[in-house]
$ cat start.txt   # compact mmCIF, C-alpha atoms
# COMPACT_ATOMS: atom_id res chain seq x y z
CA MET A 1 92.40 -13.37 -83.86
CA ASN A 2 92.86 -14.81 -87.36
CA PRO A 3 93.53 -12.40 -90.26
CA SER A 4 90.12 -12.95 -91.91
CA ALA A 5 88.22 -12.20 -88.71
CA ASP A 6 90.46 -9.20 -88.10
CA ARG A 7 89.75 -7.79 -91.57
CA MET A 8 86.00 -8.26 -91.05
CA MET A 9 86.24 -6.30 -87.79
CA LEU A 10 88.02 -3.47 -89.63
CA VAL A 11 85.36 -3.42 -92.33
CA GLU A 12 82.56 -3.38 -89.76
CA THR A 13 84.28 -0.55 -87.90
CA PHE A 14 84.55 1.49 -91.10
CA VAL A 15 80.84 1.04 -91.82
CA ARG A 16 79.95 2.04 -88.27
CA ILE A 17 82.10 5.19 -88.57
CA VAL A 18 80.26 6.25 -91.72
CA ASP A 19 76.83 5.40 -90.32
CA ALA A 20 77.49 7.13 -87.01
CA GLY A 21 78.97 10.23 -88.63
CA SER A 22 82.15 10.47 -86.56
CA LEU A 23 84.86 8.39 -84.93
CA SER A 24 83.68 9.35 -81.44
CA ALA A 25 80.07 8.31 -82.18
CA ALA A 26 81.31 5.02 -83.64
CA ALA A 27 83.41 4.44 -80.52
CA ARG A 28 80.34 4.93 -78.31
CA ALA A 29 78.27 2.60 -80.46
CA LEU A 30 80.96 -0.10 -80.36
CA ALA A 31 81.70 0.43 -76.66
CA THR A 32 85.36 1.22 -77.26
CA THR A 33 87.63 4.26 -77.44
CA GLN A 34 88.15 6.81 -80.20
CA PRO A 35 91.89 5.99 -80.51
CA THR A 36 90.97 2.32 -81.06
CA ILE A 37 88.52 3.30 -83.82
CA SER A 38 91.14 5.54 -85.39
CA ARG A 39 93.72 2.71 -85.37
CA ARG A 40 91.27 0.33 -87.02
CA LEU A 41 90.47 2.87 -89.75
CA LYS A 42 94.18 3.44 -90.46
CA ALA A 43 94.78 -0.33 -90.52
CA LEU A 44 92.00 -0.82 -93.08
CA GLU A 45 93.30 2.03 -95.25
CA LYS A 46 96.81 0.57 -95.11
CA SER A 47 95.52 -2.91 -95.96
CA LEU A 48 93.56 -1.62 -98.97
CA GLY A 49 96.19 0.92 -100.03
CA VAL A 50 93.68 3.75 -100.37
CA ARG A 51 92.42 6.73 -98.37
CA LEU A 52 88.82 6.15 -97.30
CA LEU A 53 87.98 9.29 -95.34
CA GLN A 54 89.02 12.92 -95.49
CA ARG A 55 88.91 14.39 -92.00
CA SER A 56 89.21 17.91 -90.68
CA THR A 57 88.56 19.41 -87.27
CA HIS A 58 84.86 19.89 -87.95
CA ALA A 59 83.95 17.52 -90.77
CA MET A 60 84.39 14.04 -92.19
CA LYS A 61 83.86 13.13 -95.84
CA LEU A 62 84.16 9.92 -97.83
CA THR A 63 86.70 9.87 -100.65
CA ASP A 64 85.70 8.34 -103.97
CA ASP A 65 87.46 5.13 -102.91
CA GLY A 66 85.71 5.38 -99.57
CA MET A 67 82.29 5.60 -101.22
CA ARG A 68 82.99 2.46 -103.26
CA CYS A 69 84.39 0.69 -100.21
CA TYR A 70 81.38 1.65 -98.08
CA ALA A 71 78.86 0.29 -100.59
CA ARG A 72 80.73 -2.99 -100.99
CA ALA A 73 81.35 -3.27 -97.24
CA LYS A 74 77.62 -3.01 -96.52
CA GLU A 75 76.95 -5.78 -99.02
CA LEU A 76 79.75 -7.90 -97.57
CA ILE A 77 78.47 -7.57 -93.99
CA ALA A 78 74.87 -8.27 -94.99
CA GLY A 79 75.94 -11.31 -97.03
CA TRP A 80 78.01 -12.68 -94.16
CA GLN A 81 75.11 -12.22 -91.71
CA GLU A 82 72.74 -13.99 -94.09
CA PHE A 83 75.26 -16.82 -94.49
CA GLU A 84 75.54 -17.22 -90.71
CA SER A 85 71.76 -17.21 -90.35
CA GLU A 86 71.29 -19.89 -93.01
CA ILE A 87 73.97 -22.13 -91.51
CA ARG A 88 72.68 -21.80 -87.95
CA GLY A 89 69.06 -22.21 -88.99
CA ALA A 90 66.75 -23.25 -86.19
CA VAL A 91 69.55 -23.36 -83.63
CA ASP A 92 70.35 -19.68 -84.11
CA GLU A 93 70.58 -18.76 -80.41
CA PRO A 94 70.93 -15.08 -79.51
CA VAL A 95 74.36 -14.17 -78.20
CA GLY A 96 75.80 -10.81 -77.22
CA MET A 97 74.31 -7.40 -76.37
CA LEU A 98 70.85 -6.04 -77.22
CA ARG A 99 70.43 -2.29 -76.78
CA VAL A 100 66.84 -1.19 -76.20
CA VAL A 101 65.23 2.19 -75.46
CA ALA A 102 61.89 2.14 -73.62
CA PRO A 103 59.61 4.84 -72.17
CA HIS A 104 60.29 5.81 -68.55
CA ALA A 105 57.01 4.60 -67.05
CA PHE A 106 56.60 1.43 -69.11
CA GLY A 107 60.28 0.56 -68.97
CA GLN A 108 60.53 0.53 -65.18
CA GLN A 109 57.32 -1.36 -64.51
CA GLN A 110 55.24 -3.13 -67.14
CA LEU A 111 58.05 -4.13 -69.50
CA VAL A 112 60.43 -5.53 -66.90
CA ALA A 113 58.63 -8.90 -66.77
CA PRO A 114 58.96 -9.59 -70.53
CA LEU A 115 62.54 -8.33 -70.37
CA ALA A 116 63.25 -10.85 -67.59
CA GLU A 117 61.60 -13.57 -69.69
CA TYR A 118 63.90 -12.73 -72.61
CA LEU A 119 67.01 -12.94 -70.41
CA ALA A 120 65.85 -16.19 -68.81
CA ARG A 121 65.14 -17.79 -72.17
CA TYR A 122 68.44 -16.69 -73.72
CA PRO A 123 71.16 -16.93 -71.04
CA ARG A 124 73.94 -15.88 -73.42
CA MET A 125 72.33 -12.46 -73.93
CA THR A 126 72.94 -9.17 -72.13
CA VAL A 127 70.55 -6.21 -72.45
CA ASP A 128 71.35 -2.51 -72.22
CA TRP A 129 67.94 -1.19 -71.06
CA THR A 130 67.83 2.62 -71.45
CA LEU A 131 64.78 4.60 -70.37
CA HIS A 132 63.78 7.86 -72.02
CA ASP A 133 60.83 9.17 -73.99
CA ARG A 134 62.45 10.35 -77.21
CA THR A 135 63.05 8.43 -80.41
CA PRO A 136 66.72 7.37 -80.42
CA ASP A 137 69.35 7.87 -83.07
CA PHE A 138 69.62 4.17 -83.87
CA ILE A 139 72.89 4.34 -85.78
CA GLY A 140 74.67 7.04 -83.80
CA GLU A 141 73.73 5.53 -80.42
CA GLY A 142 74.07 1.89 -81.50
CA ILE A 143 70.45 1.09 -80.52
CA ASP A 144 68.89 -2.15 -81.80
CA CYS A 145 65.26 -1.23 -81.19
CA ALA A 146 62.95 1.03 -79.20
CA ILE A 147 59.49 0.75 -77.70
CA ARG A 148 57.44 3.88 -78.30
CA VAL A 149 53.97 5.04 -77.31
CA GLY A 150 51.92 7.33 -79.56
CA ASP A 151 52.54 8.44 -83.12
CA ILE A 152 55.74 7.51 -84.97
CA PRO A 153 56.88 10.62 -86.88
CA ASP A 154 59.81 8.95 -88.64
CA PRO A 155 58.57 7.06 -91.73
CA SER A 156 61.98 5.49 -92.34
CA VAL A 157 61.86 3.09 -89.38
CA VAL A 158 60.23 -0.34 -89.29
CA ALA A 159 57.29 -0.14 -86.86
CA ILE A 160 55.46 -3.13 -85.39
CA ARG A 161 52.22 -2.24 -83.62
CA LEU A 162 52.02 -4.23 -80.40
CA GLY A 163 48.65 -2.97 -79.18
CA ASP A 164 46.64 0.04 -78.03
CA VAL A 165 46.49 1.36 -74.46
CA PRO A 166 43.04 2.61 -73.29
CA ARG A 167 43.04 6.07 -71.67
CA ILE A 168 40.56 7.61 -69.25
CA VAL A 169 39.94 10.94 -67.49
CA VAL A 170 40.62 10.96 -63.75
CA GLY A 171 40.61 13.29 -60.77
CA SER A 172 40.86 13.07 -57.01
CA PRO A 173 37.84 13.27 -54.69
CA ALA A 174 39.39 16.45 -53.26
CA LEU A 175 39.33 18.05 -56.69
CA LEU A 176 35.55 17.62 -56.87
CA ASP A 177 35.17 19.06 -53.34
CA GLY A 178 32.02 17.09 -52.68
CA GLY A 179 30.40 18.05 -55.97
CA ALA A 180 28.72 15.67 -58.41
CA LEU A 181 30.83 13.51 -60.70
CA PRO A 182 31.10 15.21 -64.12
CA ALA A 183 29.11 13.26 -66.70
CA HIS A 184 29.76 15.29 -69.87
CA PRO A 185 33.04 16.71 -71.21
CA ASP A 186 31.64 20.25 -71.11
CA GLU A 187 31.71 20.02 -67.31
CA LEU A 188 35.46 19.43 -67.34
CA ALA A 189 36.34 22.88 -68.67
CA ARG A 190 35.87 24.45 -65.22
CA LEU A 191 38.45 22.15 -63.62
CA PRO A 192 42.20 22.76 -63.36
CA TRP A 193 44.19 20.29 -65.50
CA ILE A 194 47.49 18.47 -65.63
CA ALA A 195 48.83 18.12 -69.18
CA VAL A 196 50.98 15.17 -70.26
CA SER A 197 52.93 17.20 -72.78
CA HIS A 198 53.87 14.35 -75.12
CA PHE A 199 50.20 13.62 -75.80
CA TYR A 200 48.11 16.71 -75.03
CA ARG A 201 48.69 20.26 -73.87
CA ASP A 202 45.88 22.80 -74.25
CA GLU A 203 43.10 20.69 -75.76
CA VAL A 204 41.73 17.18 -75.30
CA ALA A 205 39.40 15.08 -77.45
CA LEU A 206 37.01 12.62 -75.83
CA THR A 207 34.80 10.03 -77.54
CA HIS A 208 31.59 8.51 -76.22
CA ALA A 209 32.11 4.77 -75.78
CA ALA A 210 28.64 3.78 -77.02
CA ARG A 211 27.64 6.50 -79.50
CA GLY A 212 31.04 7.27 -80.98
CA ALA A 213 30.48 11.03 -80.77
CA THR A 214 33.66 13.07 -80.24
CA VAL A 215 34.01 16.35 -78.31
CA ARG A 216 37.07 18.60 -78.39
CA LEU A 217 37.61 20.49 -75.16
CA PRO A 218 40.01 23.39 -74.50
CA ILE A 219 41.77 23.10 -71.14
CA GLN A 220 43.93 25.37 -68.98
CA PRO A 221 46.62 23.22 -67.35
CA ARG A 222 48.14 24.18 -63.99
CA LEU A 223 50.96 21.68 -64.57
CA TYR A 224 52.75 20.31 -67.61
CA THR A 225 54.81 17.13 -67.32
CA ASP A 226 56.27 14.50 -69.63
CA ASN A 227 56.17 11.79 -66.95
CA LEU A 228 53.22 9.48 -66.36
CA TYR A 229 54.03 8.82 -62.72
CA ALA A 230 54.46 12.54 -61.94
CA MET A 231 51.06 13.16 -63.50
CA ARG A 232 49.44 10.36 -61.51
CA ASN A 233 50.88 11.56 -58.20
CA ALA A 234 49.86 15.15 -58.88
CA VAL A 235 46.30 14.06 -59.69
CA VAL A 236 46.11 12.12 -56.41
CA LEU A 237 47.20 15.29 -54.58
CA GLY A 238 44.34 17.26 -56.16
CA VAL A 239 46.38 19.45 -58.51
CA GLY A 240 43.98 18.85 -61.40
CA ALA A 241 42.23 16.44 -63.71
CA ALA A 242 44.24 14.46 -66.26
CA ILE A 243 44.09 11.80 -68.95
CA GLY A 244 46.17 8.69 -68.40
CA SER A 245 46.60 5.06 -69.33
CA ARG A 246 44.11 2.89 -67.46
CA TRP A 247 46.78 0.36 -66.41
CA ALA A 248 48.83 3.05 -64.63
CA LEU A 249 45.81 4.38 -62.70
CA ARG A 250 44.11 1.12 -61.73
CA GLU A 251 45.61 0.85 -58.22
CA GLU A 252 44.61 4.39 -57.25
CA LEU A 253 41.12 3.92 -58.70
CA ASP A 254 40.62 0.68 -56.78
CA ALA A 255 41.80 2.35 -53.55
CA GLY A 256 39.50 5.33 -54.02
CA ARG A 257 42.36 7.82 -54.27
CA LEU A 258 41.18 8.62 -57.79
CA VAL A 259 37.81 8.60 -59.50
CA GLN A 260 37.06 8.27 -63.18
CA LEU A 261 35.49 11.43 -64.57
CA VAL A 262 32.94 11.33 -67.41
CA PRO A 263 33.07 7.50 -67.30
CA GLU A 264 31.17 7.09 -70.58
CA TRP A 265 33.83 9.10 -72.42
CA GLN A 266 37.42 8.14 -73.21
CA ALA A 267 40.44 9.62 -74.92
CA SER A 268 41.66 7.79 -78.00
CA PRO A 269 43.85 4.77 -77.15
CA LEU A 270 47.59 5.19 -77.54
CA PRO A 271 49.34 2.74 -79.87
CA ILE A 272 52.42 0.89 -78.59
CA TRP A 273 55.10 0.32 -81.22
CA LEU A 274 58.35 -1.59 -81.42
CA ILE A 275 60.56 0.24 -83.91
CA TYR A 276 63.99 -0.43 -85.42
CA PRO A 277 65.99 0.68 -88.46
CA PRO A 278 65.48 -1.14 -91.77
CA ALA A 279 68.11 -3.67 -92.82
CA ARG A 280 68.51 -6.67 -95.13
CA PHE A 281 69.20 -8.91 -92.16
CA TYR A 282 68.10 -8.82 -88.52
CA PRO A 283 70.18 -10.69 -85.93
CA ALA A 284 68.69 -13.40 -83.76
CA ARG A 285 68.95 -11.21 -80.65
CA LEU A 286 66.47 -8.74 -82.18
CA ARG A 287 64.19 -11.29 -83.82
CA ARG A 288 63.73 -13.23 -80.57
CA PHE A 289 63.08 -10.01 -78.63
CA ILE A 290 60.38 -9.02 -81.12
CA ASP A 291 58.76 -12.47 -80.79
CA ILE A 292 58.54 -12.12 -77.00
CA MET A 293 57.26 -8.54 -77.06
CA ARG A 294 54.49 -9.33 -79.56
CA VAL A 295 52.97 -11.67 -76.99
CA ALA A 296 54.06 -10.12 -73.69
CA VAL A 297 53.13 -6.48 -74.22
CA PRO A 298 49.38 -7.01 -74.75
CA GLN A 299 49.36 -9.32 -71.72
CA ALA A 300 51.36 -6.93 -69.52
CA PHE A 301 49.20 -3.91 -70.24
CA GLY A 302 45.86 -5.61 -70.77
CA VAL A 303 45.78 -3.67 -74.02
CA VAL A 304 43.71 -4.09 -77.11
CA ALA A 305 45.62 -6.21 -79.62
CA PRO A 306 46.19 -4.58 -83.01
CA PRO A 307 43.98 -5.75 -85.87
CA ALA A 308 45.25 -8.76 -87.80
CA ARG A 309 46.60 -8.04 -91.27

$ encode --input "start.txt" --output "structure tokens"
Amino acid sequence: MNPSADRMMLVETFVRIVDAGSLSAAARALATTQPTISRRLKALEKSLGVRLLQRSTHAMKLTDDGMRCYARAKELIAGWQEFESEIRGAVDEPVGMLRVVAPHAFGQQQLVAPLAEYLARYPRMTVDWTLHDRTPDFIGEGIDCAIRVGDIPDPSVVAIRLGDVPRIVVGSPALLDGGALPAHPDELARLPWIAVSHFYRDEVALTHAARGATVRLPIQPRLYTDNLYAMRNAVVLGVGAAIGSRWALREELDAGRLVQLVPEWQASPLPIWLIYPPARFYPARLRRFIDIMRVAVPQAFGVVAPPAR
């Protein structure tokens, strides 16, 4: 490794330490060891002739020199990335690792096809595809982007709306026990329910598709779950009624294992977002992934595309 490249690596490591909040978190984000991160920090301090961080057993704090170095290092890295992007131009092919967090249900089924398309189109890329339903710590975990469903509580992230997933009320034939299909939300209050805890717990709101009238309905769930597939399977087994994404329930509806309740009423669609931390420059690996997801997600889910701006 030439000295210039080596110094850039040390600078990037220092910035990652500060952003991540600790040497161990930086090591995880950079897929290396804590001793390696510590050696790089000491090498940078020796090269600059200043102390950048004050460390104790429980805390880490930037020195005055460290604060100045951090600000300039961020500018230096951003400037270098912009320079690379300008030089590469149209032939800027993604290379390296993209770390993505996706929801459990979507990430193991509907999103795998666009993920495979991304890998096929860019053979020099590798993807770390992590599935969970919480918003990640982008800096601390070294995550490039995340796909989220529902509201985005963090106003600091960049959020691209990919579409809206229609949701319907379903139950099993056994749940109705030969009775008539409920036609109005008021008739649902007598049924046991399964709550998808990320989106509703003890109350649901349903809107009439034609009239636009909205009814809020208190429910008494027998089961709470944060997993779409667990909810679907429990509904099929007659545990209770539930609200779910139409795409995830289509097979059971077609087979008659589920029926749509109050078919003229629907829950509000859930927005699908692609989110990532703000930056002056976004690498090609992220930009190309966003391009594919903008097109592939509405197609994969059969969702309503977001309004044009």

$ atom_distance --input "start.txt" --atom1 "atom CA of A:Asp154" --atom2 "atom CA of A:Val204"
23.9 Å

$ closest_residue --input "start.txt" --among "A:Asp19, A:Ala174, A:Ile272, A:Pro182" --to "A:Gly140" --atoms "all atoms listed in the file"
A:Asp19

$ atom_distance --input "start.txt" --atom1 "atom CA of A:Leu286" --atom2 "atom CA of A:Arg99"
9.3 Å

$ atom_distance --input "start.txt" --atom1 "atom CA of A:Glu93" --atom2 "atom CA of A:Ala284"
6.6 Å

$ residues_around --input "start.txt" --residues "A:Arg16" --least-positions-apart "5" --cutoff "9 Å" --atoms "all atoms listed in the file" --output "list in words"
Val11, Gly21, Ser22, Leu23, Ala25, Ala26, Ala27, Ala29, Leu30, Ile139, Gly140 and Gly142 of chain A

$ closest_residue --input "start.txt" --among "A:Pro271, A:Pro192, A:Gly256, A:Pro114" --to "A:Val295" --atoms "only C-alpha atoms"
A:Pro114

$ closest_residue --input "start.txt" --among "A:Leu53, A:Leu131, A:Val158, A:Ile194" --to "A:Asp65" --atoms "all atoms listed in the file"
A:Leu53

$ residues_around --input "start.txt" --residues "A:Leu111" --least-positions-apart "4" --cutoff "8 Å" --atoms "only C-alpha atoms" --output "JSON, numbers by chain"
{"A": [106, 107, 115, 297, 300]}

$ residues_near_point --input "start.txt" --point "(33.3, 10.4, -65.9)" --cutoff "7 Å" --atoms "only C-alpha atoms" --output "JSON, numbers by chain"
{"A": [169, 181, 182, 183, 260, 261, 262, 263, 264, 265]}

$ residues_around --input "start.txt" --residues "A:Pro269" --least-positions-apart "4" --cutoff "6 Å" --atoms "all atoms listed in the file" --output "VMD selection string"
chain A and resid 164 to 167

$ residues_around --input "start.txt" --residues "A:Ala296" --least-positions-apart "2" --cutoff "12 Å" --atoms "only C-alpha atoms" --output "list in words"
Gln110, Leu111, Val112, Ala113, Pro114, Leu115, Ala116, Glu117, Tyr118, Leu162, Gly163, Phe289, Ile290, Asp291, Ile292, Met293, Arg294, Pro298, Gln299, Ala300, Phe301, Gly302, Val303 and Ala305 of chain A

$ residues_around --input "start.txt" --residues "stretch 235-242 of chain A" --least-positions-apart "3" --cutoff "8 Å" --atoms "only C-alpha atoms" --output "ChimeraX atom specification"
/A:169-175,191-196,221-223,231-232,252,257-258

$ closest_residue --input "start.txt" --among "A:Gln266, A:Thr130, A:Thr13, A:Thr225" --to "A:Thr33" --atoms "only C-alpha atoms"
A:Thr13

$ residues_near_point --input "start.txt" --point "(59.3, -1.9, -82.4)" --cutoff "6 Å" --atoms "only C-alpha atoms" --output "JSON, numbers by chain"
{"A": [146, 147, 159, 160, 273, 274, 275, 276]}

$ closest_residue --input "start.txt" --among "A:Phe199, A:Phe138, A:Gly150, A:Ala210" --to "A:Ile243" --atoms "only C-alpha atoms"
A:Phe199

$ closest_residue --input "start.txt" --among "A:Ala255, A:His184, A:Ala267, A:Pro155" --to "A:Tyr200" --atoms "all atoms listed in the file"
A:Ala267
